[in-house]
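Visitor: Enclosed is the structure file query.cif (mmCIF, N, CA, C and O atoms).
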data_coords
loop_
_atom_site.label_atom_id
_atom_site.label_comp_id
_atom_site.auth_asym_id
_atom_site.auth_seq_id
_atom_site.Cartn_x
_atom_site.Cartn_y
_atom_site.Cartn_z
N MET B 15 31.58 12.79 -36.45
CA MET B 15 32.19 13.19 -37.71
C MET B 15 31.20 14.05 -38.49
O MET B 15 30.01 13.78 -38.52
N THR B 16 31.71 15.10 -39.12
CA THR B 16 30.86 15.96 -39.94
C THR B 16 31.38 15.97 -41.36
O THR B 16 32.53 15.60 -41.63
N LYS B 17 30.54 16.39 -42.27
CA LYS B 17 30.95 16.55 -43.65
C LYS B 17 30.46 17.91 -44.14
O LYS B 17 29.56 18.50 -43.55
N LYS B 18 31.08 18.41 -45.17
CA LYS B 18 30.72 19.72 -45.69
C LYS B 18 29.64 19.58 -46.75
O LYS B 18 29.66 18.67 -47.56
N LEU B 19 28.72 20.51 -46.73
CA LEU B 19 27.65 20.59 -47.72
C LEU B 19 27.77 21.92 -48.43
O LEU B 19 27.78 22.98 -47.79
N LYS B 20 27.88 21.89 -49.73
CA LYS B 20 27.92 23.10 -50.53
C LYS B 20 26.53 23.30 -51.13
O LYS B 20 26.03 22.43 -51.83
N VAL B 21 25.91 24.44 -50.85
CA VAL B 21 24.59 24.77 -51.36
C VAL B 21 24.75 25.96 -52.30
O VAL B 21 25.27 27.01 -51.90
N THR B 22 24.34 25.81 -53.53
CA THR B 22 24.40 26.89 -54.50
C THR B 22 22.97 27.33 -54.81
O THR B 22 22.15 26.51 -55.19
N ILE B 23 22.71 28.60 -54.62
CA ILE B 23 21.39 29.15 -54.89
C ILE B 23 21.54 30.17 -56.02
O ILE B 23 22.31 31.12 -55.90
N GLU B 24 20.83 29.94 -57.08
CA GLU B 24 20.85 30.88 -58.21
C GLU B 24 19.46 31.44 -58.37
O GLU B 24 18.49 30.70 -58.51
N VAL B 25 19.36 32.76 -58.33
CA VAL B 25 18.06 33.43 -58.39
C VAL B 25 18.13 34.51 -59.46
O VAL B 25 19.10 35.27 -59.50
N GLU B 26 17.13 34.56 -60.32
CA GLU B 26 16.98 35.67 -61.26
C GLU B 26 15.83 36.52 -60.76
O GLU B 26 14.77 36.00 -60.40
N MET B 27 16.03 37.84 -60.73
CA MET B 27 15.02 38.75 -60.21
C MET B 27 14.80 39.90 -61.18
O MET B 27 15.72 40.30 -61.88
N SER B 28 13.59 40.44 -61.18
CA SER B 28 13.28 41.69 -61.87
C SER B 28 13.25 42.77 -60.80
O SER B 28 12.40 42.73 -59.91
N VAL B 29 14.18 43.71 -60.86
CA VAL B 29 14.32 44.72 -59.80
C VAL B 29 14.19 46.12 -60.41
O VAL B 29 14.36 46.31 -61.61
N PRO B 30 13.92 47.12 -59.59
CA PRO B 30 13.81 48.49 -60.08
C PRO B 30 15.11 48.97 -60.73
O PRO B 30 16.20 48.54 -60.35
N GLU B 31 14.98 49.87 -61.69
CA GLU B 31 16.13 50.40 -62.42
C GLU B 31 17.12 51.13 -61.51
O GLU B 31 18.30 51.19 -61.82
N ASP B 32 16.66 51.69 -60.39
CA ASP B 32 17.55 52.49 -59.55
C ASP B 32 18.31 51.67 -58.51
O ASP B 32 18.98 52.23 -57.65
N TRP B 33 18.24 50.35 -58.56
CA TRP B 33 19.09 49.50 -57.72
C TRP B 33 20.45 49.39 -58.41
O TRP B 33 20.55 49.36 -59.64
N SER B 34 21.52 49.30 -57.61
CA SER B 34 22.86 49.16 -58.20
C SER B 34 23.71 48.25 -57.32
O SER B 34 23.39 48.00 -56.17
N LEU B 35 24.81 47.76 -57.90
CA LEU B 35 25.76 46.93 -57.17
C LEU B 35 26.89 47.80 -56.64
O LEU B 35 27.41 48.66 -57.35
N VAL B 36 27.27 47.58 -55.38
CA VAL B 36 28.44 48.23 -54.78
C VAL B 36 29.23 47.14 -54.07
O VAL B 36 28.72 46.04 -53.84
N GLU B 37 30.47 47.43 -53.72
CA GLU B 37 31.30 46.47 -53.00
C GLU B 37 31.62 46.99 -51.62
O GLU B 37 31.86 48.18 -51.44
N THR B 38 31.64 46.09 -50.64
CA THR B 38 32.09 46.46 -49.31
C THR B 38 33.61 46.58 -49.35
O THR B 38 34.25 46.27 -50.35
N SER B 39 34.20 47.03 -48.25
CA SER B 39 35.65 47.17 -48.19
C SER B 39 36.35 45.81 -48.33
O SER B 39 37.52 45.75 -48.68
N GLU B 40 35.63 44.72 -48.06
CA GLU B 40 36.19 43.37 -48.21
C GLU B 40 36.00 42.83 -49.64
O GLU B 40 36.36 41.70 -49.92
N GLY B 41 35.38 43.63 -50.52
CA GLY B 41 35.18 43.21 -51.89
C GLY B 41 33.92 42.38 -52.12
O GLY B 41 33.74 41.82 -53.19
N THR B 42 33.04 42.33 -51.13
CA THR B 42 31.80 41.58 -51.26
C THR B 42 30.77 42.44 -51.98
O THR B 42 30.47 43.56 -51.54
N PRO B 43 30.18 41.95 -53.07
CA PRO B 43 29.15 42.73 -53.75
C PRO B 43 27.84 42.70 -52.97
O PRO B 43 27.44 41.67 -52.44
N VAL B 44 27.20 43.87 -52.86
CA VAL B 44 25.88 44.00 -52.25
C VAL B 44 25.06 44.95 -53.11
O VAL B 44 25.61 45.67 -53.94
N LEU B 45 23.76 44.97 -52.90
CA LEU B 45 22.89 45.86 -53.65
C LEU B 45 22.69 47.16 -52.90
O LEU B 45 22.46 47.16 -51.68
N SER B 46 22.75 48.27 -53.62
CA SER B 46 22.46 49.58 -53.06
C SER B 46 21.05 49.94 -53.47
O SER B 46 20.73 49.96 -54.67
N LEU B 47 20.18 50.24 -52.49
CA LEU B 47 18.79 50.58 -52.75
C LEU B 47 18.62 52.09 -52.65
O LEU B 47 19.34 52.75 -51.91
N PRO B 48 17.68 52.67 -53.38
CA PRO B 48 17.55 54.13 -53.43
C PRO B 48 17.12 54.76 -52.11
O PRO B 48 17.30 55.96 -51.92
N ASP B 49 16.62 53.98 -51.15
CA ASP B 49 16.18 54.55 -49.88
C ASP B 49 17.31 54.62 -48.85
O ASP B 49 17.08 54.84 -47.67
N GLY B 50 18.56 54.41 -49.29
CA GLY B 50 19.70 54.51 -48.39
C GLY B 50 20.08 53.21 -47.71
O GLY B 50 21.02 53.17 -46.94
N ARG B 51 19.35 52.14 -48.00
CA ARG B 51 19.69 50.83 -47.43
C ARG B 51 20.50 50.04 -48.43
O ARG B 51 20.54 50.34 -49.62
N PHE B 52 21.13 49.00 -47.94
CA PHE B 52 21.85 48.05 -48.76
C PHE B 52 21.25 46.69 -48.51
O PHE B 52 20.73 46.42 -47.43
N MET B 53 21.28 45.81 -49.51
CA MET B 53 20.70 44.49 -49.35
C MET B 53 21.68 43.43 -49.83
O MET B 53 22.31 43.56 -50.86
N ASP B 54 21.78 42.38 -49.03
CA ASP B 54 22.55 41.19 -49.38
C ASP B 54 21.56 40.04 -49.29
O ASP B 54 20.69 40.04 -48.42
N ILE B 55 21.65 39.10 -50.18
CA ILE B 55 20.75 37.95 -50.14
C ILE B 55 21.56 36.72 -49.77
O ILE B 55 22.48 36.34 -50.50
N ALA B 56 21.25 36.15 -48.64
CA ALA B 56 21.92 34.95 -48.15
C ALA B 56 20.85 34.08 -47.51
O ALA B 56 20.52 34.28 -46.34
N ILE B 57 20.27 33.20 -48.26
CA ILE B 57 19.14 32.38 -47.87
C ILE B 57 17.91 33.27 -47.71
O ILE B 57 16.86 32.95 -48.18
N GLU B 58 18.05 34.38 -47.06
CA GLU B 58 16.98 35.36 -46.95
C GLU B 58 17.59 36.74 -47.17
O GLU B 58 18.79 36.93 -46.97
N PRO B 59 16.80 37.71 -47.60
CA PRO B 59 17.35 39.06 -47.78
C PRO B 59 17.80 39.64 -46.45
O PRO B 59 17.10 39.53 -45.45
N LEU B 60 18.96 40.26 -46.46
CA LEU B 60 19.49 40.95 -45.29
C LEU B 60 19.66 42.42 -45.64
O LEU B 60 20.05 42.75 -46.75
N PHE B 61 19.40 43.30 -44.68
CA PHE B 61 19.46 44.73 -44.93
C PHE B 61 20.41 45.42 -43.95
O PHE B 61 20.64 44.93 -42.85
N ALA B 62 20.94 46.57 -44.38
CA ALA B 62 21.79 47.40 -43.51
C ALA B 62 21.69 48.84 -43.98
O ALA B 62 21.37 49.11 -45.14
N THR B 63 21.96 49.77 -43.08
CA THR B 63 22.04 51.17 -43.48
C THR B 63 23.47 51.56 -43.82
O THR B 63 23.72 52.63 -44.35
N ASP B 64 24.41 50.66 -43.52
CA ASP B 64 25.82 50.84 -43.85
C ASP B 64 26.37 49.44 -44.18
O ASP B 64 26.30 48.55 -43.34
N PRO B 65 26.92 49.25 -45.38
CA PRO B 65 27.36 47.91 -45.76
C PRO B 65 28.53 47.39 -44.94
O PRO B 65 28.86 46.21 -45.01
N GLU B 66 29.15 48.24 -44.13
CA GLU B 66 30.26 47.82 -43.29
C GLU B 66 29.80 47.45 -41.88
O GLU B 66 30.59 47.01 -41.06
N GLU B 67 28.52 47.67 -41.58
CA GLU B 67 27.99 47.44 -40.24
C GLU B 67 27.14 46.17 -40.20
O GLU B 67 27.19 45.35 -41.10
N LEU B 68 26.32 46.05 -39.18
CA LEU B 68 25.50 44.87 -38.94
C LEU B 68 24.40 44.72 -39.97
O LEU B 68 23.69 45.67 -40.28
N TRP B 69 24.27 43.51 -40.51
CA TRP B 69 23.20 43.17 -41.44
C TRP B 69 22.12 42.45 -40.66
O TRP B 69 22.40 41.66 -39.76
N SER B 70 20.84 42.68 -41.01
CA SER B 70 19.75 42.02 -40.30
C SER B 70 18.61 41.68 -41.25
O SER B 70 18.49 42.24 -42.34
N SER B 71 17.77 40.76 -40.81
CA SER B 71 16.58 40.37 -41.55
C SER B 71 15.57 41.51 -41.50
O SER B 71 15.59 42.32 -40.57
N PRO B 72 14.67 41.55 -42.48
CA PRO B 72 13.63 42.59 -42.42
C PRO B 72 12.82 42.45 -41.13
O PRO B 72 12.57 41.34 -40.67
N GLU B 73 12.41 43.58 -40.57
CA GLU B 73 11.66 43.55 -39.33
C GLU B 73 10.20 43.18 -39.54
O GLU B 73 9.52 42.77 -38.61
N ASP B 74 9.71 43.35 -40.77
CA ASP B 74 8.33 42.97 -41.03
C ASP B 74 8.25 42.02 -42.21
O ASP B 74 9.09 42.02 -43.09
N ASP B 75 7.23 41.20 -42.21
CA ASP B 75 7.05 40.22 -43.26
C ASP B 75 6.78 40.86 -44.61
O ASP B 75 7.09 40.30 -45.65
N GLU B 76 6.20 42.07 -44.62
CA GLU B 76 5.88 42.74 -45.87
C GLU B 76 7.14 43.01 -46.69
O GLU B 76 7.16 42.81 -47.90
N ALA B 77 8.21 43.46 -46.03
CA ALA B 77 9.47 43.72 -46.74
C ALA B 77 10.03 42.43 -47.33
O ALA B 77 10.52 42.42 -48.45
N LEU B 78 9.96 41.36 -46.58
CA LEU B 78 10.44 40.07 -47.06
C LEU B 78 9.63 39.60 -48.27
O LEU B 78 10.18 39.21 -49.29
N HIS B 79 8.31 39.69 -48.18
CA HIS B 79 7.45 39.26 -49.28
C HIS B 79 7.65 40.14 -50.52
O HIS B 79 7.60 39.66 -51.65
N GLU B 80 7.91 41.43 -50.31
CA GLU B 80 8.15 42.34 -51.43
C GLU B 80 9.37 41.88 -52.23
O GLU B 80 9.35 41.86 -53.45
N VAL B 81 10.44 41.51 -51.54
CA VAL B 81 11.65 41.05 -52.22
C VAL B 81 11.40 39.68 -52.86
O VAL B 81 11.76 39.46 -54.02
N LEU B 82 10.77 38.78 -52.14
CA LEU B 82 10.53 37.44 -52.68
C LEU B 82 9.61 37.46 -53.90
O LEU B 82 9.73 36.63 -54.79
N ASP B 83 8.70 38.43 -53.96
CA ASP B 83 7.82 38.57 -55.12
C ASP B 83 8.58 38.95 -56.38
O ASP B 83 8.08 38.78 -57.50
N MET B 84 9.79 39.46 -56.24
CA MET B 84 10.61 39.85 -57.39
C MET B 84 11.33 38.66 -58.02
O MET B 84 11.91 38.78 -59.10
N VAL B 85 11.34 37.53 -57.36
CA VAL B 85 12.05 36.35 -57.86
C VAL B 85 11.31 35.78 -59.06
O VAL B 85 10.14 35.44 -58.97
N ASP B 86 12.00 35.70 -60.20
CA ASP B 86 11.43 35.13 -61.41
C ASP B 86 11.69 33.64 -61.51
O ASP B 86 10.86 32.89 -62.01
N SER B 87 12.85 33.21 -61.08
CA SER B 87 13.18 31.79 -61.09
C SER B 87 14.22 31.53 -60.02
O SER B 87 14.91 32.44 -59.58
N GLU B 88 14.31 30.28 -59.61
CA GLU B 88 15.24 29.91 -58.55
C GLU B 88 15.74 28.50 -58.82
O GLU B 88 14.97 27.64 -59.24
N ALA B 89 17.02 28.29 -58.61
CA ALA B 89 17.60 26.96 -58.75
C ALA B 89 18.51 26.72 -57.55
O ALA B 89 19.32 27.56 -57.21
N VAL B 90 18.34 25.59 -56.91
CA VAL B 90 19.15 25.25 -55.75
C VAL B 90 19.81 23.91 -56.02
O VAL B 90 19.15 22.97 -56.46
N THR B 91 21.13 23.83 -55.79
CA THR B 91 21.83 22.55 -55.91
C THR B 91 22.54 22.27 -54.59
O THR B 91 22.92 23.18 -53.87
N TYR B 92 22.67 20.98 -54.30
CA TYR B 92 23.34 20.53 -53.09
C TYR B 92 24.47 19.59 -53.49
O TYR B 92 24.29 18.76 -54.38
N GLU B 93 25.61 19.75 -52.86
CA GLU B 93 26.76 18.89 -53.18
C GLU B 93 27.57 18.69 -51.91
O GLU B 93 27.91 19.64 -51.22
N PHE B 94 27.82 17.44 -51.58
CA PHE B 94 28.71 17.16 -50.47
C PHE B 94 30.14 17.28 -50.95
O PHE B 94 30.50 16.73 -52.00
N VAL B 95 30.95 18.00 -50.21
CA VAL B 95 32.35 18.24 -50.58
C VAL B 95 33.21 17.20 -49.87
O VAL B 95 33.17 17.09 -48.64
N THR B 96 33.95 16.46 -50.65
CA THR B 96 34.87 15.47 -50.06
C THR B 96 36.29 15.83 -50.42
O THR B 96 36.56 16.37 -51.48
N HIS B 97 37.19 15.53 -49.54
CA HIS B 97 38.61 15.86 -49.78
C HIS B 97 39.42 14.61 -49.94
O HIS B 97 39.24 13.61 -49.42
#
Show me this structure written as structure tokens.
Guide:
Amino acid sequence: MTKKLKVTIEVEMSVPEDWSLVETSEGTPVLSLPDGRFMDIAIEPLFATDPEELWSSPEDDEALHEVLDMVDSEAVTYEFVTH
């Protein structure tokens, strides 16, 4: 038997002024970066050159640490979902 776990992650970040929010064709908000990449944060930052294509983790630790260094605060809650 399994049960559902709902994890809510709330992060406040200080980011460059030239970052913006865009939506994929499915209506999912992602960040548009000035270097032509897009970023989604799901447990870890994910990157893509096209928000409709494959998303992947940064290939080097430096990119990951650069994003994580922007985090000002973080709150994580866990809740088991029962029906």
Visitor: Identify all residues of chain B in helix (DSSP H, G or I) (DSSP on the backbone) and supply them as JSON, numbers by chain.
Guide: {"B": [75, 76, 77, 78, 79, 80, 81, 82]}
Visitor: Keeping N, CA, C and O atoms for every residue in the selection just given, could you write it to a file as a PDB file, keeping the file's coordinate frame?
Guide:
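Okay, this is what ended up in result.pdb:
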ATOM      1  N   ASP B  75       7.230  41.200 -42.210  1.00  0.00           N
ATOM      2  CA  ASP B  75       7.050  40.220 -43.260  1.00  0.00           C
ATOM      3  C   ASP B  75       6.780  40.860 -44.610  1.00  0.00           C
ATOM      4  O   ASP B  75       7.090  40.300 -45.650  1.00  0.00           O
ATOM      5  N   GLU B  76       6.200  42.070 -44.620  1.00  0.00           N
ATOM      6  CA  GLU B  76       5.880  42.740 -45.870  1.00  0.00           C
ATOM      7  C   GLU B  76       7.140  43.010 -46.690  1.00  0.00           C
ATOM      8  O   GLU B  76       7.160  42.810 -47.900  1.00  0.00           O
ATOM      9  N   ALA B  77       8.210  43.460 -46.030  1.00  0.00           N
ATOM     10  CA  ALA B  77       9.470  43.720 -46.740  1.00  0.00           C
ATOM     11  C   ALA B  77      10.030  42.430 -47.330  1.00  0.00           C
ATOM     12  O   ALA B  77      10.520  42.420 -48.450  1.00  0.00           O
ATOM     13  N   LEU B  78       9.960  41.360 -46.580  1.00  0.00           N
ATOM     14  CA  LEU B  78      10.440  40.070 -47.060  1.00  0.00           C
ATOM     15  C   LEU B  78       9.630  39.600 -48.270  1.00  0.00           C
ATOM     16  O   LEU B  78      10.180  39.210 -49.290  1.00  0.00           O
ATOM     17  N   HIS B  79       8.310  39.690 -48.180  1.00  0.00           N
ATOM     18  CA  HIS B  79       7.450  39.260 -49.280  1.00  0.00           C
ATOM     19  C   HIS B  79       7.650  40.140 -50.520  1.00  0.00           C
ATOM     20  O   HIS B  79       7.600  39.660 -51.650  1.00  0.00           O
ATOM     21  N   GLU B  80       7.910  41.430 -50.310  1.00  0.00           N
ATOM     22  CA  GLU B  80       8.150  42.340 -51.430  1.00  0.00           C
ATOM     23  C   GLU B  80       9.370  41.880 -52.230  1.00  0.00           C
ATOM     24  O   GLU B  80       9.350  41.860 -53.450  1.00  0.00           O
ATOM     25  N   VAL B  81      10.440  41.510 -51.540  1.00  0.00           N
ATOM     26  CA  VAL B  81      11.650  41.050 -52.220  1.00  0.00           C
ATOM     27  C   VAL B  81      11.400  39.680 -52.860  1.00  0.00           C
ATOM     28  O   VAL B  81      11.760  39.460 -54.020  1.00  0.00           O
ATOM     29  N   LEU B  82      10.770  38.780 -52.140  1.00  0.00           N
ATOM     30  CA  LEU B  82      10.530  37.440 -52.680  1.00  0.00           C
ATOM     31  C   LEU B  82       9.610  37.460 -53.900  1.00  0.00           C
ATOM     32  O   LEU B  82       9.730  36.630 -54.790  1.00  0.00           O
TER      33      LEU B  82
END
Visitor: DSSP on the backbone: what in chain B comes out strand (DSSP E), as an MDAnalysis selection string?
Guide: chainID B and resid 18:27 34:37 43:46 52:56 58:62 85:95
Visitor: Please provide the set of residues having any atom within 8 Å of B:Leu45, restricted to only C-alpha atoms, with same-chain residues fewer than 3 positions apart removed, written as a PyMOL selection string.
Guide: chain B and resi 33-36+52-54
Visitor: Atom CA of B:Thr42 and atom CA of B:Pro65, how far apart in Å?
Guide: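 We find that atom CA of B:Pro65 and atom CA of B:Thr42 lie 9.5 Å from each other.
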Visitor: Here is a test: counting only C-alpha atoms, which residue of B:Thr22, B:Thr38, B:Ser46, B:Thr16 is nearest to B:Glu88?
Guide: B:Thr22
Visitor: Would you mind reading off the distance between atom N of B:Pro72 and atom O of B:Glu40, one decimal, in Å?
Guide: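 Atom O of B:Glu40 lies at a distance of 22.9 Å from atom N of B:Pro72.
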Visitor: For B:Leu19, work out the shell of residues within 8 Å, counting all atoms listed in the file and skipping chain neighbours fewer than 6 positions away, then give it as a VMD selection string.
Guide: chain B and resid 91 to 96
Visitor: For the atom pair atom O of B:Ser71 and atom O of B:Gly50, what is the interatomic distance in Å to one decimal place?
Guide: 13.7 Å
Visitor: Can you pull out the residues contacting B:Ile55? Cut-off 8 Å, using all atoms listed in the file, and skip same-chain residues under 2 positions away; I want them as number ranges by chain.
Guide: B: 23, 43-45, 52-53, 57-61
Visitor: Name every residue that the PyMOL selection byres ((chain B and resi 27) around 5) selects in this structure, writing the answer as a compact mmCIF listing (two decimals) with N, CA, C and O atoms, in the coordinates of the input with chains first and numbers rising.
Guide:
# COMPACT_ATOMS: atom_id res chain seq x y z
N VAL B 25 19.36 32.76 -58.33
CA VAL B 25 18.06 33.43 -58.39
C VAL B 25 18.13 34.51 -59.46
O VAL B 25 19.10 35.27 -59.50
N GLU B 26 17.13 34.56 -60.32
CA GLU B 26 16.98 35.67 -61.26
C GLU B 26 15.83 36.52 -60.76
O GLU B 26 14.77 36.00 -60.40
N SER B 28 13.59 40.44 -61.18
CA SER B 28 13.28 41.69 -61.87
C SER B 28 13.25 42.77 -60.80
O SER B 28 12.40 42.73 -59.91
N VAL B 29 14.18 43.71 -60.86
CA VAL B 29 14.32 44.72 -59.80
C VAL B 29 14.19 46.12 -60.41
O VAL B 29 14.36 46.31 -61.61
N MET B 84 9.79 39.46 -56.24
CA MET B 84 10.61 39.85 -57.39
C MET B 84 11.33 38.66 -58.02
O MET B 84 11.91 38.78 -59.10
N VAL B 85 11.34 37.53 -57.36
CA VAL B 85 12.05 36.35 -57.86
C VAL B 85 11.31 35.78 -59.06
O VAL B 85 10.14 35.44 -58.97
N ASP B 86 12.00 35.70 -60.20
CA ASP B 86 11.43 35.13 -61.41
C ASP B 86 11.69 33.64 -61.51
O ASP B 86 10.86 32.89 -62.01
Visitor: Ranking B:Asp64, B:Asp32, B:Glu24, B:Glu76 by minimum distance to B:Ala89 and counting only N, CA, C and O atoms, which one comes first?
Guide: B:Glu24
